[in-house]
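K.L.:
Just data09.tsv, nothing more (TSV, C-alpha atoms):
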chain	number	residue	atom	x	y	z
V	10	MET	CA	16.11	-3.20	92.18
V	11	SER	CA	16.47	-2.56	88.51
V	12	THR	CA	14.75	-4.55	85.84
V	13	THR	CA	15.87	-5.03	82.29
V	14	ARG	CA	13.36	-4.65	79.48
V	15	THR	CA	13.64	-6.61	76.31
V	16	ILE	CA	12.75	-4.59	73.25
V	17	ASP	CA	11.22	-6.59	70.45
V	18	VAL	CA	12.72	-5.45	67.16
V	19	SER	CA	11.19	-8.14	65.00
V	20	PRO	CA	9.70	-6.99	61.65
V	21	GLY	CA	6.16	-7.79	62.79
V	22	ALA	CA	6.36	-5.87	66.04
V	23	GLY	CA	5.94	-2.23	66.67
V	24	ASP	CA	3.24	0.21	65.72
V	25	PRO	CA	0.48	-1.66	63.92
V	26	GLY	CA	-0.34	1.45	61.97
V	27	ARG	CA	3.16	1.80	60.63
V	28	ALA	CA	3.48	0.47	57.07
V	29	ARG	CA	6.08	-2.13	56.44
V	30	PRO	CA	8.79	-1.11	54.09
V	31	GLY	CA	8.12	-2.51	50.62
V	32	PRO	CA	10.64	-4.22	48.40
V	33	SER	CA	13.38	-1.91	47.30
V	34	ARG	CA	13.10	-0.75	43.70
V	35	ALA	CA	16.04	-0.24	41.45
V	36	PRO	CA	16.55	3.42	40.67
V	37	ARG	CA	15.42	4.44	37.22
V	38	PRO	CA	18.21	5.32	34.82
V	39	PRO	CA	18.38	9.00	34.06
V	40	LYS	CA	16.46	9.98	30.95
V	41	ARG	CA	18.76	10.90	28.11
V	42	THR	CA	18.18	14.04	26.14
V	43	TRP	CA	18.03	14.01	22.37
V	44	ARG	CA	21.47	15.59	22.23
V	45	GLN	CA	22.96	12.77	24.28
V	46	ALA	CA	21.20	10.18	22.13
V	47	LEU	CA	22.44	11.89	18.97
V	48	ARG	CA	26.00	12.07	20.29
V	49	ARG	CA	25.95	8.41	21.28
V	50	ASP	CA	24.24	6.91	18.18
V	51	TRP	CA	25.21	9.43	15.51
V	52	GLN	CA	26.31	6.64	13.15
V	53	LEU	CA	22.79	5.19	13.12
V	54	TYR	CA	21.11	8.57	12.74
V	55	SER	CA	23.43	9.45	9.85
V	56	LEU	CA	21.91	6.58	7.85
V	57	ALA	CA	18.59	8.44	7.83
V	58	VAL	CA	20.04	11.65	6.39
V	59	ILE	CA	19.86	10.64	2.71
V	60	PRO	CA	16.28	9.26	2.88
V	61	LEU	CA	15.14	12.37	4.74
V	62	LEU	CA	16.77	14.62	2.15
V	63	PHE	CA	15.15	12.59	-0.63
V	64	PHE	CA	11.66	13.01	0.83
V	65	LEU	CA	12.29	16.66	1.64
V	66	ILE	CA	13.52	17.57	-1.86
V	67	PHE	CA	11.37	15.32	-4.04
V	68	ARG	CA	8.21	14.90	-1.93
V	69	TYR	CA	7.61	17.85	0.34
V	70	LEU	CA	9.15	20.85	-1.44
V	71	PRO	CA	7.20	20.14	-4.67
V	72	MET	CA	3.99	20.45	-2.63
V	73	ILE	CA	4.51	24.20	-2.77
V	74	GLY	CA	3.68	23.96	-6.47
V	75	ASN	CA	0.11	22.92	-5.61
V	76	VAL	CA	-0.65	26.60	-5.25
V	77	ILE	CA	-0.90	26.89	-9.04
V	78	ALA	CA	-4.15	24.92	-8.77
V	79	PHE	CA	-5.60	28.19	-7.47
V	80	ARG	CA	-3.51	30.58	-9.58
V	81	LYS	CA	-3.23	31.14	-13.30
V	82	PHE	CA	0.09	29.73	-14.46
V	83	GLN	CA	1.74	30.63	-17.76
V	84	PRO	CA	4.92	28.95	-19.04
V	85	GLY	CA	7.82	31.37	-18.74
V	86	GLY	CA	6.13	33.41	-16.02
V	87	SER	CA	6.21	33.16	-12.25
V	88	VAL	CA	6.72	29.69	-10.81
V	89	LEU	CA	3.82	30.23	-8.40
V	90	GLY	CA	1.44	31.63	-11.01
V	91	GLU	CA	0.46	35.05	-12.22
V	92	GLU	CA	-2.89	35.80	-10.57
V	93	TRP	CA	-5.27	34.25	-8.07
V	94	VAL	CA	-8.29	32.49	-9.61
V	95	GLY	CA	-9.59	30.52	-6.63
V	96	LEU	CA	-11.50	27.31	-7.40
V	97	ARG	CA	-11.86	28.08	-11.09
V	98	TYR	CA	-9.90	25.06	-12.31
V	99	VAL	CA	-11.55	22.71	-9.83
V	100	LYS	CA	-14.97	23.80	-11.09
V	101	MET	CA	-13.76	23.36	-14.67
V	102	PHE	CA	-12.77	19.77	-13.93
V	103	LEU	CA	-16.04	18.96	-12.14
V	104	ASN	CA	-18.04	20.44	-15.03
V	105	ASP	CA	-15.92	18.74	-17.70
V	106	PRO	CA	-17.95	16.15	-19.68
V	107	SER	CA	-15.02	13.74	-19.30
V	108	PHE	CA	-15.03	14.00	-15.49
V	109	TRP	CA	-17.58	11.31	-14.74
V	110	GLN	CA	-16.06	8.97	-17.29
V	111	VAL	CA	-12.52	9.14	-15.87
V	112	PHE	CA	-13.82	9.15	-12.28
V	113	THR	CA	-15.99	6.07	-12.89
V	114	ASN	CA	-13.13	4.26	-14.63
V	115	THR	CA	-10.81	5.07	-11.72
V	116	VAL	CA	-13.27	3.75	-9.14
V	117	VAL	CA	-14.10	0.59	-11.11
V	118	ILE	CA	-10.48	-0.32	-11.86
V	119	GLY	CA	-9.49	0.51	-8.28
V	120	VAL	CA	-12.23	-1.71	-6.84
V	121	LEU	CA	-11.36	-4.59	-9.18
V	122	THR	CA	-7.66	-4.28	-8.37
V	123	LEU	CA	-8.35	-4.24	-4.63
V	124	LEU	CA	-10.85	-7.09	-4.88
V	125	PHE	CA	-8.57	-9.45	-6.81
V	126	CYS	CA	-5.00	-8.33	-6.08
V	127	PHE	CA	-5.29	-7.87	-2.32
V	128	PRO	CA	-6.50	-11.33	-1.17
V	129	THR	CA	-4.51	-13.31	-3.77
V	130	PRO	CA	-1.12	-12.90	-2.01
V	131	ILE	CA	-2.73	-14.10	1.23
V	132	VAL	CA	-4.05	-17.23	-0.46
V	133	LEU	CA	-0.71	-17.91	-2.16
V	134	ALA	CA	1.18	-17.39	1.11
V	135	LEU	CA	-1.11	-19.89	2.87
V	136	LEU	CA	-0.61	-22.43	0.08
V	137	ILE	CA	3.17	-21.99	0.10
V	138	ASN	CA	3.17	-22.32	3.88
V	139	GLU	CA	1.44	-25.70	3.59
V	140	LEU	CA	4.11	-27.10	1.25
V	141	ARG	CA	6.45	-29.54	3.00
V	142	GLY	CA	9.21	-29.94	0.44
V	143	ARG	CA	11.80	-27.18	0.66
V	144	ARG	CA	12.79	-27.43	-2.99
V	145	VAL	CA	9.22	-27.18	-4.18
V	146	LYS	CA	8.56	-24.25	-1.85
V	147	ARG	CA	11.66	-22.37	-3.04
V	148	PHE	CA	10.79	-23.05	-6.68
V	149	VAL	CA	7.25	-21.74	-6.26
V	150	GLN	CA	8.50	-18.66	-4.42
V	151	SER	CA	11.12	-17.89	-7.07
V	152	VAL	CA	8.68	-18.29	-9.96
V	153	SER	CA	6.05	-16.11	-8.26
V	154	TYR	CA	8.56	-13.37	-7.29
V	155	LEU	CA	10.14	-13.05	-10.75
V	156	PRO	CA	7.51	-10.84	-12.47
V	157	HIS	CA	7.93	-8.14	-9.81
V	158	PHE	CA	11.50	-7.47	-10.93
V	159	LEU	CA	10.50	-6.90	-14.54
V	160	SER	CA	10.24	-3.34	-15.79
V	161	MET	CA	6.74	-1.99	-16.37
V	162	VAL	CA	7.67	-1.43	-20.01
V	163	VAL	CA	8.70	-5.07	-20.33
V	164	VAL	CA	5.46	-6.25	-18.72
V	165	ALA	CA	3.40	-4.06	-21.03
V	166	GLY	CA	5.38	-5.35	-24.02
V	167	LEU	CA	4.75	-8.96	-23.00
V	168	VAL	CA	1.04	-8.30	-22.63
V	169	MET	CA	0.83	-6.64	-26.05
V	170	GLU	CA	2.76	-9.47	-27.71
V	171	MET	CA	0.65	-12.14	-26.04
V	172	LEU	CA	-2.65	-10.48	-26.95
V	173	SER	CA	-1.83	-9.14	-30.41
V	174	VAL	CA	-3.78	-10.38	-33.41
V	175	ASP	CA	-0.91	-12.71	-34.35
V	176	GLY	CA	0.01	-13.48	-30.73
V	177	PRO	CA	-0.10	-16.85	-28.94
V	178	VAL	CA	-3.59	-16.29	-27.51
V	179	ASN	CA	-5.17	-15.62	-30.90
V	180	GLN	CA	-3.21	-18.48	-32.46
V	181	LEU	CA	-4.73	-20.75	-29.84
V	182	LEU	CA	-8.19	-19.38	-30.67
V	183	ARG	CA	-7.60	-20.07	-34.36
V	184	ALA	CA	-6.52	-23.62	-33.56
V	185	MET	CA	-9.82	-24.10	-31.72
V	186	GLY	CA	-11.76	-22.84	-34.73
V	187	ASN	CA	-12.57	-19.36	-33.40
V	188	ASP	CA	-11.96	-15.97	-34.94
V	189	PRO	CA	-9.10	-13.84	-33.59
V	190	VAL	CA	-9.98	-11.10	-31.12
V	191	ALA	CA	-8.35	-7.66	-31.06
V	192	PHE	CA	-8.08	-7.59	-27.28
V	193	LEU	CA	-6.09	-4.35	-27.05
V	194	GLN	CA	-8.44	-2.46	-29.38
V	195	GLU	CA	-11.70	-3.39	-27.64
V	196	ALA	CA	-12.69	-1.31	-24.62
V	197	GLY	CA	-14.59	-4.19	-23.04
V	198	TRP	CA	-11.43	-6.26	-22.58
V	199	PHE	CA	-9.17	-3.60	-21.06
V	200	ARG	CA	-10.14	-3.98	-17.39
V	201	THR	CA	-9.78	-7.74	-17.56
V	202	ILE	CA	-6.35	-7.42	-19.17
V	203	TYR	CA	-5.18	-4.84	-16.65
V	204	VAL	CA	-6.33	-6.71	-13.52
V	205	SER	CA	-4.99	-10.05	-14.79
V	206	SER	CA	-1.56	-8.61	-15.60
V	207	GLU	CA	-1.50	-6.79	-12.25
V	208	MET	CA	-2.21	-10.03	-10.39
V	209	TRP	CA	0.52	-11.85	-12.30
V	210	GLN	CA	3.05	-9.11	-11.57
V	211	THR	CA	2.31	-8.39	-7.90
V	212	VAL	CA	0.97	-11.56	-6.30
V	213	GLY	CA	4.36	-13.17	-5.70
V	214	TRP	CA	5.96	-10.09	-4.19
V	215	GLY	CA	3.01	-9.59	-1.86
V	216	THR	CA	3.45	-13.05	-0.38
V	217	ILE	CA	6.85	-12.10	1.11
V	218	ILE	CA	5.27	-9.97	3.84
V	219	TYR	CA	2.62	-12.56	4.65
V	220	LEU	CA	5.15	-15.40	4.79
V	221	ALA	CA	7.19	-13.32	7.23
V	222	ALA	CA	4.06	-12.74	9.31
V	223	LEU	CA	3.31	-16.48	9.33
V	224	THR	CA	6.67	-17.19	10.96
V	225	THR	CA	5.66	-15.09	14.00
V	226	ILE	CA	2.69	-17.31	14.89
V	227	ASP	CA	3.37	-19.49	17.93
V	228	GLU	CA	3.51	-23.19	17.06
V	229	GLN	CA	1.90	-24.03	20.40
V	230	LEU	CA	-1.35	-22.55	19.09
V	231	TYR	CA	-1.39	-25.10	16.27
V	232	GLU	CA	-0.54	-27.88	18.71
V	233	ALA	CA	-3.39	-26.85	21.01
V	234	ALA	CA	-5.76	-26.72	18.05
V	235	ARG	CA	-4.74	-30.22	16.95
V	236	ILE	CA	-5.27	-31.53	20.48
V	237	ASP	CA	-8.78	-30.06	20.42
V	238	GLY	CA	-9.42	-31.95	17.20
V	239	ALA	CA	-9.32	-28.99	14.79
V	240	SER	CA	-8.91	-29.89	11.13
V	241	ARG	CA	-6.36	-28.23	8.90
V	242	TRP	CA	-8.95	-25.81	7.60
V	243	ARG	CA	-10.03	-24.94	11.16
V	244	GLN	CA	-6.42	-24.28	12.11
V	245	VAL	CA	-6.06	-21.90	9.20
V	246	TRP	CA	-9.32	-20.13	10.00
V	247	HIS	CA	-8.90	-19.81	13.77
V	248	VAL	CA	-5.10	-19.59	14.15
V	249	THR	CA	-3.37	-18.55	10.92
V	250	LEU	CA	-5.71	-15.84	9.69
V	251	PRO	CA	-6.03	-14.10	13.09
V	252	GLY	CA	-2.23	-14.25	13.37
V	253	ILE	CA	-1.68	-12.32	10.14
V	254	ARG	CA	-4.68	-10.02	10.56
V	255	PRO	CA	-2.65	-6.97	11.75
V	256	THR	CA	-0.37	-7.26	8.73
V	257	ALA	CA	-3.29	-7.70	6.35
V	258	VAL	CA	-5.14	-4.70	7.79
V	259	THR	CA	-2.04	-2.49	7.53
V	260	LEU	CA	-1.51	-3.43	3.88
V	261	LEU	CA	-5.21	-2.94	3.16
V	262	ILE	CA	-5.07	0.62	4.49
V	263	LEU	CA	-1.98	1.33	2.38
V	264	ASN	CA	-3.66	-0.10	-0.71
V	265	ILE	CA	-6.73	2.04	-0.10
V	266	GLY	CA	-4.41	5.05	0.05
V	267	THR	CA	-3.32	4.40	-3.54
V	268	PHE	CA	-6.87	3.59	-4.63
V	269	MET	CA	-7.24	6.66	-6.84
V	270	ALA	CA	-3.76	6.43	-8.38
V	271	VAL	CA	-4.36	3.06	-10.02
V	272	GLY	CA	-1.56	1.80	-12.26
V	273	PHE	CA	-0.75	4.99	-14.11
V	274	GLU	CA	2.33	3.60	-15.87
V	275	LYS	CA	0.73	0.37	-17.02
V	276	ILE	CA	-2.48	2.01	-18.16
V	277	LEU	CA	-0.51	4.66	-20.04
V	278	LEU	CA	1.44	1.94	-21.86
V	279	LEU	CA	-1.54	-0.28	-22.64
V	280	TYR	CA	-4.42	2.04	-23.46
V	281	ASN	CA	-5.21	3.85	-26.71
V	282	PRO	CA	-8.00	6.15	-27.93
V	283	LEU	CA	-10.18	3.12	-28.75
V	284	THR	CA	-10.12	1.99	-25.10
V	285	TYR	CA	-10.60	5.41	-23.48
V	286	PRO	CA	-14.23	4.65	-22.47
V	287	THR	CA	-13.04	1.99	-19.97
V	288	ALA	CA	-9.31	2.70	-19.61
V	289	ASP	CA	-8.95	6.45	-19.15
V	290	VAL	CA	-8.48	7.22	-15.43
V	291	ILE	CA	-7.81	10.43	-13.50
V	292	SER	CA	-4.02	10.01	-13.54
V	293	THR	CA	-3.83	9.48	-17.31
V	294	TYR	CA	-6.29	12.32	-17.95
V	295	LEU	CA	-4.11	14.53	-15.73
V	296	TYR	CA	-1.04	13.53	-17.79
V	297	ARG	CA	-2.70	14.44	-21.06
V	298	MET	CA	-3.97	17.77	-19.73
V	299	GLY	CA	-0.73	18.80	-18.03
V	300	ILE	CA	2.12	17.39	-20.14
V	301	VAL	CA	0.52	17.03	-23.56
V	302	SER	CA	-1.76	20.11	-23.53
V	303	ASN	CA	0.43	22.33	-21.27
V	304	SER	CA	-2.53	23.17	-19.00
V	305	PHE	CA	-0.46	23.03	-15.84
V	306	SER	CA	-2.87	24.84	-13.51
V	307	TYR	CA	-5.75	22.65	-14.67
V	308	ALA	CA	-3.63	19.52	-14.19
V	309	ALA	CA	-2.54	20.68	-10.71
V	310	ALA	CA	-6.19	21.10	-9.73
V	311	ILE	CA	-6.96	17.56	-10.93
V	312	GLY	CA	-3.97	16.17	-9.04
V	313	LEU	CA	-4.99	18.01	-5.87
V	314	PHE	CA	-8.52	16.67	-6.20
V	315	GLU	CA	-7.14	13.13	-6.51
V	316	ALA	CA	-4.82	13.61	-3.51
V	317	VAL	CA	-7.63	14.91	-1.29
V	318	ILE	CA	-9.79	11.88	-2.07
V	319	GLY	CA	-6.87	9.54	-1.41
V	320	LEU	CA	-6.15	11.21	1.94
V	321	SER	CA	-9.81	10.97	2.91
V	322	LEU	CA	-9.86	7.27	2.07
V	323	VAL	CA	-6.76	6.57	4.16
V	324	LEU	CA	-8.09	8.46	7.18
V	325	SER	CA	-11.48	6.78	6.93
V	326	ALA	CA	-10.01	3.29	6.51
V	327	ASN	CA	-7.63	3.82	9.42
V	328	LEU	CA	-10.46	5.05	11.69
V	329	ILE	CA	-12.79	2.19	10.76
V	330	SER	CA	-10.01	-0.36	11.23
V	331	ARG	CA	-9.06	1.01	14.65
V	332	ARG	CA	-12.65	0.91	15.89
V	333	THR	CA	-13.66	-2.46	14.43
V	334	VAL	CA	-10.50	-4.58	14.33
V	335	GLY	CA	-8.27	-2.75	16.80
V	336	THR	CA	-5.40	-2.43	14.32
V	337	SER	CA	-4.40	0.77	12.54
V	338	LEU	CA	-1.43	2.67	11.19
V	339	TRP	CA	-1.61	5.31	13.91
In structure tokens, what does this structure look like?
P.N.:
Amino acid sequence: MSTTRTIDVSPGAGDPGRARPGPSRAPRPPKRTWRQALRRDWQLYSLAVIPLLFFLIFRYLPMIGNVIAFRKFQPGGSVLGEEWVGLRYVKMFLNDPSFWQVFTNTVVIGVLTLLFCFPTPIVLALLINELRGRRVKRFVQSVSYLPHFLSMVVVAGLVMEMLSVDGPVNQLLRAMGNDPVAFLQEAGWFRTIYVSSEMWQTVGWGTIIYLAALTTIDEQLYEAARIDGASRWRQVWHVTLPGIRPTAVTLLILNIGTFMAVGFEKILLLYNPLTYPTADVISTYLYRMGIVSNSFSYAAAIGLFEAVIGLSLVLSANLISRRTVGTSLW
């Protein structure tokens, strides 16, 4: 007498040690090679050709000329110098009596520029963000952006006209019963003039990036802060500032990178021999040594010294930012 067995084929039956099949995963798309990506998106890659050529020709190829900082260069001779002299020109610069003066001026002007010109766009962006009227906001933005589009020569001309002996500032001093001041001929006034004009020219343009960063902050964070009873100042401190912190840190690192090359064009247009004690910086001293005095090897050594310090500052700032704040350029 035969018996019929019923085989249980339910998912839970069977060998308890057998693993149940997991959810099926979609197959990964095949990884494209760089040739396939280039063939597919060649129109987009072609847009980068001109910028790459620009940096290659005008930024990287000229770096070969830094070799004359260690070689004796004579006009009309070899482009890469005549003979190897090692660190001779670097030692000449470090032993130059003017070294500490120009180095101190560079550091002081750089610190003042960073101290006043870096946080001011953040403050202005926060104030503009608090404005409710669109017309008022657009007007303030337009007025603050305008100085950025002026040529450096025009800005320097405006500063000299405003602060000349017969300019509006001295006319106002005369009206108040004071004697006129030769602002542009007194070394003690130069740093104040430079930093003030730099703030006026750059503060509006700097707010563009911060206003764009403010638009990325989630409005629900402000709503949650208001529900918790946070005041407007508390919302700015605990929501707005942390929201734009990555942008601020990135710009701070970039500004530190240009710390040593402070405002060469503006300083060159505004300073004069009477203001050298507080106005002469490494970049202007390099210009006078290289272009005016034709000491190209000496000037190349000074420029290389300045570039090495700038690179060290960028690397240090990026490392400190990555370890303390968690935000860095790389």
K.L.:
Which is closest to Gln210 in chain V among V:Ala165, V:Val174, V:Leu193, V:Leu250, if we use only C-alpha atoms?
P.N.:
V:Ala165
K.L.:
Within 9 Å of Ala134 in chain V, counting all atoms listed in the file, which residues qualify if same-chain residues fewer than 3 places away don't, as a VMD selection string?
P.N.:
chain V and resid 129 to 131 137 to 139 213 215 to 220 223
K.L.:
Can you list, as a list in words, every protein, DNA or RNA residue that comes within 9 Å of Ile202 in chain V when you count all atoms listed in the file, leaving out same-chain residues fewer than 4 positions away?
P.N.:
Val168, Phe192, Leu193, Trp198, Ser206 and Glu207 of chain V
K.L.:
Measuring atom to atom with all atoms listed in the file, identify which of V:Ile77, V:Val88, V:Cys126, V:Val317 is nearest to Ser304 in chain V.
P.N.:
V:Ile77
K.L.:
What is the distance between CA of Lys275 in chain V and CA of Val162 in chain V, in Å to one decimal?
P.N.:
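Computing the Euclidean distance for CA of Lys275 in chain V and CA of Val162 in chain V yields 7.8 Å.
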K.L.:
What gap, in Å, lies between CA of Arg297 in chain V and CA of Ser87 in chain V?
P.N.:
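It comes out at 22.5 Å.
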